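Heads up, structure_24.pdb below (PDB, C-alpha atoms):
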ATOM      1  CA  MET A   1       0.000   0.000   0.000
ATOM      2  CA  SER A   2       1.328   3.456  -0.862
ATOM      3  CA  VAL A   3       2.046   5.992   1.870
ATOM      4  CA  GLU A   4      -0.742   8.169   0.481
ATOM      5  CA  GLN A   5      -3.240   5.308   0.708
ATOM      6  CA  THR A   6      -2.087   4.503   4.247
ATOM      7  CA  ILE A   7      -2.671   8.144   5.228
ATOM      8  CA  ILE A   8      -6.168   8.050   3.719
ATOM      9  CA  THR A   9      -6.999   4.783   5.491
ATOM     10  CA  LYS A  10      -5.759   5.948   8.890
ATOM     11  CA  LEU A  11      -7.369   9.393   8.769
ATOM     12  CA  THR A  12     -10.675   7.926   7.593
ATOM     13  CA  ALA A  13     -10.727   5.366  10.405
ATOM     14  CA  GLN A  14      -9.710   7.872  13.094
ATOM     15  CA  PHE A  15     -11.689  10.979  12.125
ATOM     16  CA  GLU A  16     -14.664   9.753  10.045
ATOM     17  CA  PRO A  17     -14.320  12.782   7.753
ATOM     18  CA  SER A  18     -17.103  14.325   5.741
ATOM     19  CA  GLU A  19     -14.356  15.594   3.414
ATOM     20  CA  LEU A  20     -10.814  14.312   2.963
ATOM     21  CA  GLN A  21      -8.378  15.461   0.318
ATOM     22  CA  ILE A  22      -4.764  14.333   0.194
ATOM     23  CA  GLU A  23      -2.303  15.905  -2.224
ATOM     24  CA  ASN A  24       1.182  14.515  -2.689
ATOM     25  CA  GLU A  25       3.285  17.663  -2.982
ATOM     26  CA  SER A  26       6.655  15.911  -2.999
ATOM     27  CA  HIS A  27       7.283  17.055  -6.575
ATOM     28  CA  MET A  28       7.277  20.656  -5.310
ATOM     29  CA  HIS A  29      10.266  19.904  -3.084
ATOM     30  CA  SER A  30      13.700  18.407  -3.545
ATOM     31  CA  SER A  31      12.163  14.941  -3.056
ATOM     32  CA  GLY A  32      11.086  14.931  -6.678
ATOM     33  CA  ARG A  33       8.248  13.346  -8.560
ATOM     34  CA  GLY A  34       7.256   9.895  -7.357
ATOM     35  CA  ALA A  35       8.390  10.489  -3.792
ATOM     36  CA  GLU A  36       5.978  10.286  -0.890
ATOM     37  CA  SER A  37       7.473  12.726   1.571
ATOM     38  CA  HIS A  38       5.345  15.898   1.480
ATOM     39  CA  PHE A  39       1.559  15.913   1.679
ATOM     40  CA  LYS A  40      -1.211  18.477   1.941
ATOM     41  CA  VAL A  41      -4.154  17.187   3.973
ATOM     42  CA  THR A  42      -7.565  18.829   3.987
ATOM     43  CA  LEU A  43      -9.739  17.120   6.563
ATOM     44  CA  VAL A  44     -13.253  18.027   7.674
ATOM     45  CA  SER A  45     -14.484  16.247  10.784
ATOM     46  CA  GLN A  46     -17.127  16.747  13.423
ATOM     47  CA  GLN A  47     -14.477  15.542  15.888
ATOM     48  CA  PHE A  48     -12.722  18.911  15.571
ATOM     49  CA  GLU A  49     -15.703  20.695  17.092
ATOM     50  CA  GLY A  50     -14.590  22.667  20.165
ATOM     51  CA  LYS A  51     -10.893  21.936  19.579
ATOM     52  CA  ARG A  52      -8.281  24.585  18.896
ATOM     53  CA  ALA A  53      -6.023  24.311  15.871
ATOM     54  CA  VAL A  54      -3.097  23.018  17.949
ATOM     55  CA  ALA A  55      -5.179  20.150  19.386
ATOM     56  CA  ARG A  56      -6.428  19.243  15.904
ATOM     57  CA  HIS A  57      -2.880  19.139  14.554
ATOM     58  CA  GLN A  58      -1.669  17.081  17.489
ATOM     59  CA  ALA A  59      -4.444  14.541  16.887
ATOM     60  CA  VAL A  60      -3.476  14.162  13.224
ATOM     61  CA  TYR A  61       0.240  13.918  14.051
ATOM     62  CA  ALA A  62      -0.520  11.201  16.611
ATOM     63  CA  CYS A  63      -2.609   9.293  14.077
ATOM     64  CA  LEU A  64       0.187   9.447  11.493
ATOM     65  CA  SER A  65       3.137   9.060  13.868
ATOM     66  CA  ASP A  66       4.471   5.941  12.106
ATOM     67  CA  GLU A  67       4.466   7.682   8.725
ATOM     68  CA  LEU A  68       6.141  10.779  10.160
ATOM     69  CA  ALA A  69       8.840   8.598  11.699
ATOM     70  CA  ASN A  70       9.386   6.688   8.453
ATOM     71  CA  GLY A  71       9.759   8.997   5.485
ATOM     72  CA  VAL A  72       6.975  11.568   5.562
ATOM     73  CA  HIS A  73       8.880  14.792   5.979
ATOM     74  CA  ALA A  74       6.052  17.327   5.984
ATOM     75  CA  LEU A  75       2.296  17.616   6.357
ATOM     76  CA  ALA A  76       0.451  20.783   5.423
ATOM     77  CA  LEU A  77      -2.713  20.464   7.481
ATOM     78  CA  HIS A  78      -5.986  22.242   6.788
ATOM     79  CA  LEU A  79      -8.394  20.981   9.428
ATOM     80  CA  TYR A  80     -12.004  22.106   9.682
ATOM     81  CA  THR A  81     -15.290  21.402  11.385
ATOM     82  CA  PRO A  82     -18.166  21.012   8.901
ATOM     83  CA  ALA A  83     -19.384  24.555   9.695
ATOM     84  CA  GLU A  84     -15.885  26.018   9.190
ATOM     85  CA  TRP A  85     -15.561  24.166   5.887
ATOM     86  CA  GLN A  86     -18.877  25.585   4.688
ATOM     87  CA  ALA A  87     -17.871  29.093   5.796
ATOM     88  CA  SER A  88     -14.527  28.801   3.953
ATOM     89  CA  GLY A  89     -16.324  28.281   0.659
ATOM     90  CA  GLN A  90     -14.868  24.759   0.588
ATOM     91  CA  ILE A  91     -11.675  26.064  -0.963
ATOM     92  CA  VAL A  92      -8.384  24.323  -0.221
ATOM     93  CA  PRO A  93      -5.599  26.863   0.348
ATOM     94  CA  LYS A  94      -2.795  26.815  -2.212
ATOM     95  CA  SER A  95       0.623  25.722  -1.064
ATOM     96  CA  PRO A  96       3.601  28.036  -1.513
ATOM     97  CA  ASN A  97       6.465  26.971  -3.724
ATOM     98  CA  CYS A  98       9.429  25.421  -1.996
ATOM     99  CA  LEU A  99      12.262  27.942  -1.825
ATOM    100  CA  GLY A 100      14.756  25.364  -3.066
ATOM    101  CA  ILE A 101      12.890  24.525  -6.272
ATOM    102  CA  GLY A 102      12.906  26.541  -9.464
ATOM    103  CA  GLN A 103      15.297  29.201  -8.279
TER     104      GLN A 103
END
What would the structure in this file look like if it were written as C-alpha cells?
Amino acid sequence: MSVEQTIITKLTAQFEPSELQIENESHMHSSGRGAESHFKVTLVSQQFEGKRAVARHQAVYACLSDELANGVHALALHLYTPAEWQASGQIVPKSPNCLGIGQ
C-alpha cells in the first residue's frame, strides 16, 4: 500500500471525515516526482468541534506518527469542522512553492 493510501486509510478510520483530500506535494520539493514525503491534507471532521487548531494538529500527528517517523517529511494540514468548511467556501488553500525549487 502506498504511503498516500495509508494516510487516507488511517485518517478515515480515526476521524470519520465528511471531506478528505490528500495531495502529494513531494514534486514541489527536492524529493522529486514519485516520492511520498510531502503531503497536503484537507480534513473536515465533526471531531474537531470545540478543539483549537493546535489540538487538531496534534491529533493528526498522533494518528500518522508511524508515517512521520518513516519517510513523511512534511504535512500541510488544513483541518475544519463542517461549519468552518462551509464558511470557507470549501476552498483548499494553495501551497507556496518550496524555496529550493525553481530558483
- Task: Could you check which of A:Ser2, A:Ser95, A:Thr81, A:Gln86 is closest to Phe15 in chain A, using all atoms listed in the file?
- Result: A:Thr81
- Task: Can you work out which one of A:Glu84, A:Glu19, A:Glu25, A:Asp66 has the shortest atom-to-atom distance to Gly50 in chain A, counting all atoms listed in the file?
- Result: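 Ranked by minimum distance to Gly50 in chain A, first place goes to A:Glu84.
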- Query: Which distance in Å separates CA of Tyr61 in chain A and CA of Thr6 in chain A, to one decimal?
  - Reply: 13.8 Å
- Message: Using all atoms listed in the file, can you tell me which of A:Leu79, A:Gln58, A:Thr42, A:Gln47 comes closest to Val92 in chain A?
- Response: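 So, comparing all the options, the nearest one is A:Thr42.
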- Could you jot down the CA of His38 in chain A to CA of His78 in chain A separation for me, Å, one decimal place?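 Here the two named atoms are 14.0 Å from each other.
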- Between CA of Ala62 in chain A and CA of Ile91 in chain A, measure the distance and give it in Å to one decimal.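 A separation of 25.6 Å between them.
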Since the input lacks some atoms of range 48-64 of chain A, please model N, CA, C and O atoms and print them as a compact mmCIF listing (two decimals), in the coordinates of the input.
# COMPACT_ATOMS: atom_id res chain seq x y z
N PHE A 48 -13.50 17.70 15.31
CA PHE A 48 -12.72 18.91 15.57
C PHE A 48 -13.55 19.98 16.29
O PHE A 48 -13.01 21.01 16.70
N GLU A 49 -14.83 19.73 16.43
CA GLU A 49 -15.70 20.70 17.09
C GLU A 49 -15.19 20.98 18.51
O GLU A 49 -14.91 20.06 19.28
N GLY A 50 -15.02 22.26 18.83
CA GLY A 50 -14.59 22.67 20.16
C GLY A 50 -13.10 22.51 20.42
O GLY A 50 -12.64 22.78 21.53
N LYS A 51 -12.35 22.09 19.40
CA LYS A 51 -10.89 21.94 19.58
C LYS A 51 -10.16 23.06 18.87
O LYS A 51 -10.49 23.42 17.74
N ARG A 52 -9.13 23.56 19.52
CA ARG A 52 -8.28 24.58 18.90
C ARG A 52 -7.41 23.96 17.82
O ARG A 52 -7.22 22.74 17.80
N ALA A 53 -6.85 24.78 16.99
CA ALA A 53 -6.02 24.31 15.87
C ALA A 53 -4.89 23.42 16.36
O ALA A 53 -4.60 22.38 15.75
N VAL A 54 -4.24 23.79 17.45
CA VAL A 54 -3.10 23.02 17.95
C VAL A 54 -3.54 21.61 18.35
O VAL A 54 -2.86 20.63 18.03
N ALA A 55 -4.68 21.47 18.98
CA ALA A 55 -5.18 20.15 19.39
C ALA A 55 -5.55 19.32 18.16
O ALA A 55 -5.34 18.10 18.14
N ARG A 56 -6.08 19.95 17.15
CA ARG A 56 -6.43 19.24 15.90
C ARG A 56 -5.16 18.70 15.25
O ARG A 56 -5.11 17.55 14.84
N HIS A 57 -4.15 19.55 15.16
CA HIS A 57 -2.88 19.14 14.55
C HIS A 57 -2.24 18.01 15.35
O HIS A 57 -1.75 17.04 14.77
N GLN A 58 -2.25 18.13 16.65
CA GLN A 58 -1.67 17.08 17.49
C GLN A 58 -2.37 15.74 17.27
O GLN A 58 -1.73 14.69 17.23
N ALA A 59 -3.68 15.77 17.11
CA ALA A 59 -4.44 14.54 16.89
C ALA A 59 -4.06 13.89 15.56
O ALA A 59 -3.89 12.67 15.47
N VAL A 60 -3.87 14.70 14.53
CA VAL A 60 -3.48 14.16 13.22
C VAL A 60 -2.04 13.64 13.28
O VAL A 60 -1.75 12.55 12.78
N TYR A 61 -1.14 14.38 13.91
CA TYR A 61 0.24 13.92 14.05
C TYR A 61 0.30 12.59 14.81
O TYR A 61 1.08 11.70 14.45
N ALA A 62 -0.50 12.45 15.85
CA ALA A 62 -0.52 11.20 16.61
C ALA A 62 -1.03 10.05 15.74
O ALA A 62 -0.47 8.95 15.76
N CYS A 63 -2.05 10.32 14.96
CA CYS A 63 -2.61 9.29 14.08
C CYS A 63 -1.59 8.83 13.04
O CYS A 63 -1.53 7.65 12.70
N LEU A 64 -0.78 9.75 12.56
CA LEU A 64 0.19 9.45 11.49
C LEU A 64 1.63 9.37 12.01
O LEU A 64 2.58 9.56 11.25
